file work28.cif (mmCIF, C-alpha atoms)
data_final
loop_
_atom_site.label_atom_id
_atom_site.label_comp_id
_atom_site.auth_asym_id
_atom_site.auth_seq_id
_atom_site.Cartn_x
_atom_site.Cartn_y
_atom_site.Cartn_z
CA LEU A 1 8.49 4.52 -20.95
CA ARG A 2 6.00 6.87 -22.62
CA MET A 3 4.29 7.29 -19.27
CA ARG A 4 7.54 8.05 -17.45
CA GLU A 5 8.86 10.64 -19.93
CA PRO A 6 6.11 11.99 -22.19
CA ALA A 7 7.51 14.28 -24.88
CA SER A 8 4.62 16.75 -24.65
CA LYS A 9 1.19 17.39 -23.18
CA GLU A 10 -0.27 15.71 -26.27
CA ALA A 11 1.92 12.64 -25.77
CA ALA A 12 0.88 12.45 -22.12
CA LEU A 13 -2.79 12.69 -23.08
CA ALA A 14 -2.28 9.90 -25.63
CA VAL A 15 -0.92 7.63 -22.88
CA ALA A 16 -3.82 8.53 -20.59
CA THR A 17 -6.30 7.80 -23.38
CA GLU A 18 -4.68 4.42 -24.01
CA LEU A 19 -4.88 3.55 -20.30
CA ALA A 20 -8.54 4.59 -20.22
CA ASP A 21 -9.34 2.57 -23.35
CA ARG A 22 -7.83 -0.49 -21.67
CA GLY A 23 -10.08 0.05 -18.63
CA LEU A 24 -7.18 0.98 -16.36
CA VAL A 25 -8.54 4.38 -15.22
CA HIS A 26 -11.12 4.25 -12.43
CA ARG A 27 -13.19 7.45 -12.24
CA VAL A 28 -14.61 8.48 -8.84
CA ALA A 29 -16.54 11.47 -7.52
CA ASP A 30 -14.34 12.48 -4.56
CA HIS A 31 -11.53 11.51 -2.19
CA VAL A 32 -13.89 9.51 0.05
CA GLN A 33 -14.91 7.31 -2.86
CA ALA A 34 -11.26 6.99 -3.92
CA CYS A 35 -10.40 5.71 -0.45
CA ASP A 36 -13.32 3.27 -0.55
CA VAL A 37 -12.17 1.90 -3.92
CA MET A 38 -8.66 1.29 -2.58
CA VAL A 39 -9.94 -0.43 0.57
CA GLU A 40 -12.25 -2.66 -1.48
CA SER A 41 -9.39 -3.46 -3.84
CA TYR A 42 -7.31 -4.73 -0.93
CA PHE A 43 -9.99 -7.21 0.14
CA ARG A 44 -10.75 -8.30 -3.42
CA TRP A 45 -7.14 -9.24 -4.11
CA ALA A 46 -6.40 -10.54 -0.61
CA ALA A 47 -9.33 -12.95 -0.92
CA GLY A 48 -7.31 -14.81 -3.54
CA GLN A 49 -4.14 -14.76 -1.44
CA ARG A 50 -2.69 -12.15 -3.77
CA ARG A 51 -0.81 -8.97 -2.91
CA VAL A 52 -1.93 -5.52 -4.01
CA ALA A 53 0.00 -2.26 -3.78
CA LEU A 54 -2.19 0.68 -2.76
CA VAL A 55 -0.30 3.83 -3.72
CA THR A 56 -1.24 7.20 -2.23
CA SER A 57 0.00 10.73 -2.75
CA THR A 58 0.41 11.53 0.96
CA ASN A 59 1.22 9.77 4.22
CA GLU A 60 -2.07 11.02 5.66
CA GLU A 61 -4.04 9.24 2.93
CA ALA A 62 -2.01 6.06 3.47
CA ASP A 63 -2.71 6.20 7.22
CA ALA A 64 -6.45 6.59 6.65
CA ILE A 65 -6.57 3.62 4.28
CA ASN A 66 -4.36 1.51 6.53
CA GLU A 67 -6.56 2.12 9.55
CA SER A 68 -9.74 1.45 7.56
CA ILE A 69 -8.41 -1.89 6.33
CA GLN A 70 -7.18 -2.88 9.77
CA GLN A 71 -10.52 -2.05 11.41
CA ARG A 72 -12.48 -3.97 8.80
CA ARG A 73 -10.20 -6.97 9.32
CA VAL A 74 -10.94 -6.74 13.05
CA ASP A 75 -14.68 -6.50 12.34
CA ARG A 76 -14.47 -9.56 10.05
CA GLY A 77 -12.59 -11.56 12.66
CA ASP A 78 -9.40 -11.73 10.58
CA LEU A 79 -7.54 -9.89 13.36
CA THR A 80 -8.09 -9.91 17.12
CA LEU A 81 -7.37 -7.40 19.88
CA ASP A 82 -5.89 -10.07 22.17
CA ARG A 83 -2.39 -8.63 21.84
CA ILE A 84 -1.65 -5.06 20.74
CA ALA A 85 1.64 -3.32 20.01
CA VAL A 86 2.29 0.38 19.47
CA GLY A 87 3.81 1.48 16.18
CA GLN A 88 5.13 4.70 14.73
CA GLY A 89 2.92 7.67 15.55
CA GLU A 90 1.14 5.58 18.22
CA GLN A 91 -0.45 3.46 15.50
CA ARG A 92 -2.15 0.26 16.66
CA LEU A 93 -0.41 -2.92 15.47
CA LEU A 94 -2.06 -6.35 15.69
CA GLU A 95 -0.98 -9.90 14.97
CA GLY A 96 -1.62 -10.51 11.27
CA ASP A 97 -1.16 -6.88 10.23
CA VAL A 98 0.96 -5.97 7.21
CA VAL A 99 3.67 -3.54 8.33
CA GLN A 100 6.79 -1.83 7.09
CA THR A 101 10.07 -1.28 8.93
CA ARG A 102 11.45 2.21 8.42
CA ARG A 103 15.00 2.01 9.68
CA ASN A 104 17.92 -0.35 9.01
CA ASP A 105 18.85 -2.30 12.12
CA ARG A 106 21.93 -4.51 11.92
CA ALA A 107 21.25 -6.17 15.26
CA THR A 108 17.93 -7.64 14.08
CA GLY A 109 18.61 -7.70 10.33
CA VAL A 110 15.64 -5.57 9.28
CA GLU A 111 15.90 -3.05 6.46
CA ASN A 112 14.26 0.27 5.76
CA ARG A 113 11.01 -0.11 3.78
CA ALA A 114 10.94 -3.92 4.04
CA VAL A 115 7.36 -5.26 4.28
CA TRP A 116 6.35 -7.87 6.85
CA THR A 117 3.41 -9.57 8.52
CA VAL A 118 3.23 -9.36 12.30
CA HIS A 119 3.33 -13.04 13.26
CA ARG A 120 3.42 -12.71 17.03
CA ILE A 121 3.42 -9.96 19.66
CA THR A 122 5.14 -10.70 22.98
CA SER A 123 6.37 -8.70 25.94
CA ALA A 124 9.82 -8.75 24.32
CA GLY A 125 8.76 -7.39 20.94
CA LEU A 126 7.30 -8.26 17.54
CA GLU A 127 8.06 -11.37 15.51
CA LEU A 128 7.89 -10.36 11.85
CA ARG A 129 7.59 -12.61 8.79
CA SER A 130 8.48 -11.45 5.28
CA VAL A 131 5.40 -11.12 3.05
CA THR A 132 7.32 -12.86 0.25
CA ASP A 133 9.04 -15.60 2.29
CA ALA A 134 7.33 -17.06 5.37
CA VAL A 135 10.59 -18.68 6.47
CA ASP A 136 12.28 -15.27 6.70
CA THR A 137 11.54 -14.02 10.22
CA ARG A 138 12.91 -11.23 12.39
CA VAL A 139 12.24 -10.04 15.94
CA VAL A 140 12.26 -6.32 16.74
CA SER A 141 11.89 -4.74 20.16
CA ASN A 142 8.81 -2.84 21.26
CA GLU A 143 10.98 0.28 21.37
CA TYR A 144 12.00 -0.18 17.73
CA ALA A 145 8.39 -0.81 16.73
CA ALA A 146 7.17 2.35 18.44
CA GLN A 147 9.60 4.45 16.44
CA HIS A 148 10.13 2.63 13.14
CA VAL A 149 7.22 0.26 12.31
CA HIS A 150 3.91 1.30 10.73
CA LEU A 151 0.97 -0.29 8.91
CA ALA A 152 1.66 -0.93 5.23
CA TYR A 153 -1.52 -2.03 3.50
CA ALA A 154 -1.17 1.28 1.64
CA SER A 155 1.86 3.51 1.23
CA THR A 156 3.20 6.45 -0.72
CA VAL A 157 5.19 5.99 -3.92
CA HIS A 158 8.43 6.05 -1.95
CA GLY A 159 7.22 3.16 0.16
CA ILE A 160 6.56 0.79 -2.75
CA GLN A 161 9.59 1.47 -4.94
CA GLY A 162 11.24 -1.84 -5.67
CA GLU A 163 8.14 -3.83 -4.69
CA THR A 164 6.49 -6.27 -7.10
CA THR A 165 2.91 -7.33 -6.33
CA ASP A 166 0.05 -9.04 -8.14
CA ALA A 167 -1.84 -5.78 -8.60
CA SER A 168 -1.40 -2.06 -8.03
CA ILE A 169 -4.00 0.66 -7.49
CA VAL A 170 -2.71 4.24 -7.73
CA GLY A 171 -4.75 6.87 -5.93
CA PRO A 172 -5.46 10.42 -7.12
CA GLY A 173 -2.96 13.26 -6.78
CA VAL A 174 0.18 11.23 -7.52
CA ASP A 175 2.64 13.05 -9.79
CA ALA A 176 3.89 11.74 -13.16
CA SER A 177 6.92 9.87 -11.84
CA GLY A 178 4.79 8.43 -9.05
CA LEU A 179 2.17 7.28 -11.55
CA TYR A 180 4.87 5.48 -13.53
CA VAL A 181 6.19 3.72 -10.41
CA GLY A 182 2.72 2.78 -9.19
CA MET A 183 1.48 1.56 -12.58
CA THR A 184 4.45 -0.78 -13.01
CA ARG A 185 4.20 -2.67 -9.70
CA GLY A 186 1.47 -5.18 -10.52
CA ARG A 187 2.17 -8.38 -12.44
CA ALA A 188 -1.48 -8.99 -13.34
CA HIS A 189 -3.23 -5.63 -13.06
CA ASN A 190 -2.50 -1.92 -12.62
CA GLU A 191 -5.04 0.88 -12.46
CA ALA A 192 -5.14 4.58 -11.65
CA ILE A 193 -7.92 6.44 -9.85
CA ALA A 194 -8.98 9.88 -11.03
CA ILE A 195 -11.42 12.25 -9.34
CA ALA A 196 -13.52 13.58 -12.21
CA ARG A 197 -17.12 13.98 -13.35
CA THR A 198 -16.46 12.90 -16.94
CA ASP A 199 -14.15 10.43 -18.70
CA ALA A 200 -12.52 13.30 -20.60
CA VAL A 201 -11.61 15.10 -17.38
CA ALA A 202 -10.31 11.83 -15.91
CA ARG A 203 -8.02 11.38 -18.89
CA ASP A 204 -6.82 14.96 -18.58
CA GLN A 205 -6.02 14.45 -14.90
CA ILE A 206 -4.07 11.26 -15.59
#

call {"tool": "encode", "arguments": {"input": "work28.cif", "output": "structure tokens"}}
result
Amino acid sequence: LRMREPASKEAALAVATELADRGLVHRVADHVQACDVMVESYFRWAAGQRRVALVTSTNEEADAINESIQQRRVDRGDLTLDRIAVGQGEQRLLEGDVVQTRRNDRATGVENRAVWTVHRITSAGLELRSVTDAVDTRVVSNEYAAQHVHLAYASTVHGIQGETTDASIVGPGVDASGLYVGMTRGRAHNEAIAIARTDAVARDQI
């Protein structure tokens, strides 16, 4: 609550200092390193079959992280290029990818901002499985996917509202309300990334 509505600049700095003292502020040199930290965080948590929310300030940053994670999963052999679908913005979608649907569709029962795993790609469309319930499946057409499905390893604050994960990593540049949302997603761990050369500057940015 103190993070969401700090009474003053001093109160906000006190919260940031407390987060830093708990080891929940990750200081990096630049945006490239921030992206690297978020990508590595995905694989660290995924290795234990746990979900992590990667929260970015812009859609462009989310896209870059999403594509980096997908490509590394391909390189590791976690994903294959045997079957490929086209997502929103001509994004490549593969079987096993984590995706988000961005429009309610009564015919198929999918909701805006629901998160899924692509279970199977066929000529008819994509079979999606809920990331929280493997029994919950939906099938969307290729046309729907091309307009309303995108990768969702990382997303903006708006994309993770209402989500609960095992961990949450909040990238730099997120505003105060976004920081509050991002830092309250993870059950086990939440951390914020700050681009700064010193711990004092990192606290000031947070």

call {"tool": "closest_residue", "arguments": {"input": "work28.cif", "among": "A:Ser68, A:Gln88, A:Gln49, A:Thr108", "to": "Val32 in chain A", "atoms": "all atoms listed in the file"}}
result
A:Ser68

call {"tool": "residues_around", "arguments": {"input": "work28.cif", "residues": "Asp97 in chain A", "least_positions_apart": "5", "cutoff": "9 Å", "atoms": "all atoms listed in the file", "output": "list in words"}}
result
Gln70, Leu79, Trp116, Thr117, Val118, His119, Leu151, Ala152 and Tyr153 of chain A

call {"tool": "closest_atom_pairs", "arguments": {"input": "work28.cif", "of": "range 42-78 of chain A", "to": "range 128-142 of chain A", "cutoff": "12 Å", "atoms": "all atoms listed in the file", "output": "CSV"}}
result
residue,atom,partner,partner_atom,distance
A:Gln49,CA,A:Val131,CA,11.2
A:Arg50,CA,A:Val131,CA,10.6
A:Arg51,CA,A:Val131,CA,8.9
A:Val52,CA,A:Val131,CA,11.6

call {"tool": "resolve_selection", "arguments": {"input": "work28.cif", "expression": "the PyMOL selection byres ((chain A and resi 86) around 10)", "output": "JSON, numbers by chain"}}
result
{"A": [84, 85, 87, 88, 89, 90, 91, 92, 93, 94, 142, 143, 144, 145, 146, 147, 149, 150]}

call {"tool": "resolve_selection", "arguments": {"input": "work28.cif", "expression": "the PyMOL selection byres ((chain A and resi 2-4) around 10)", "output": "VMD selection string"}}
result
chain A and resid 1 5 to 7 11 to 16 19 176 to 181 183 206
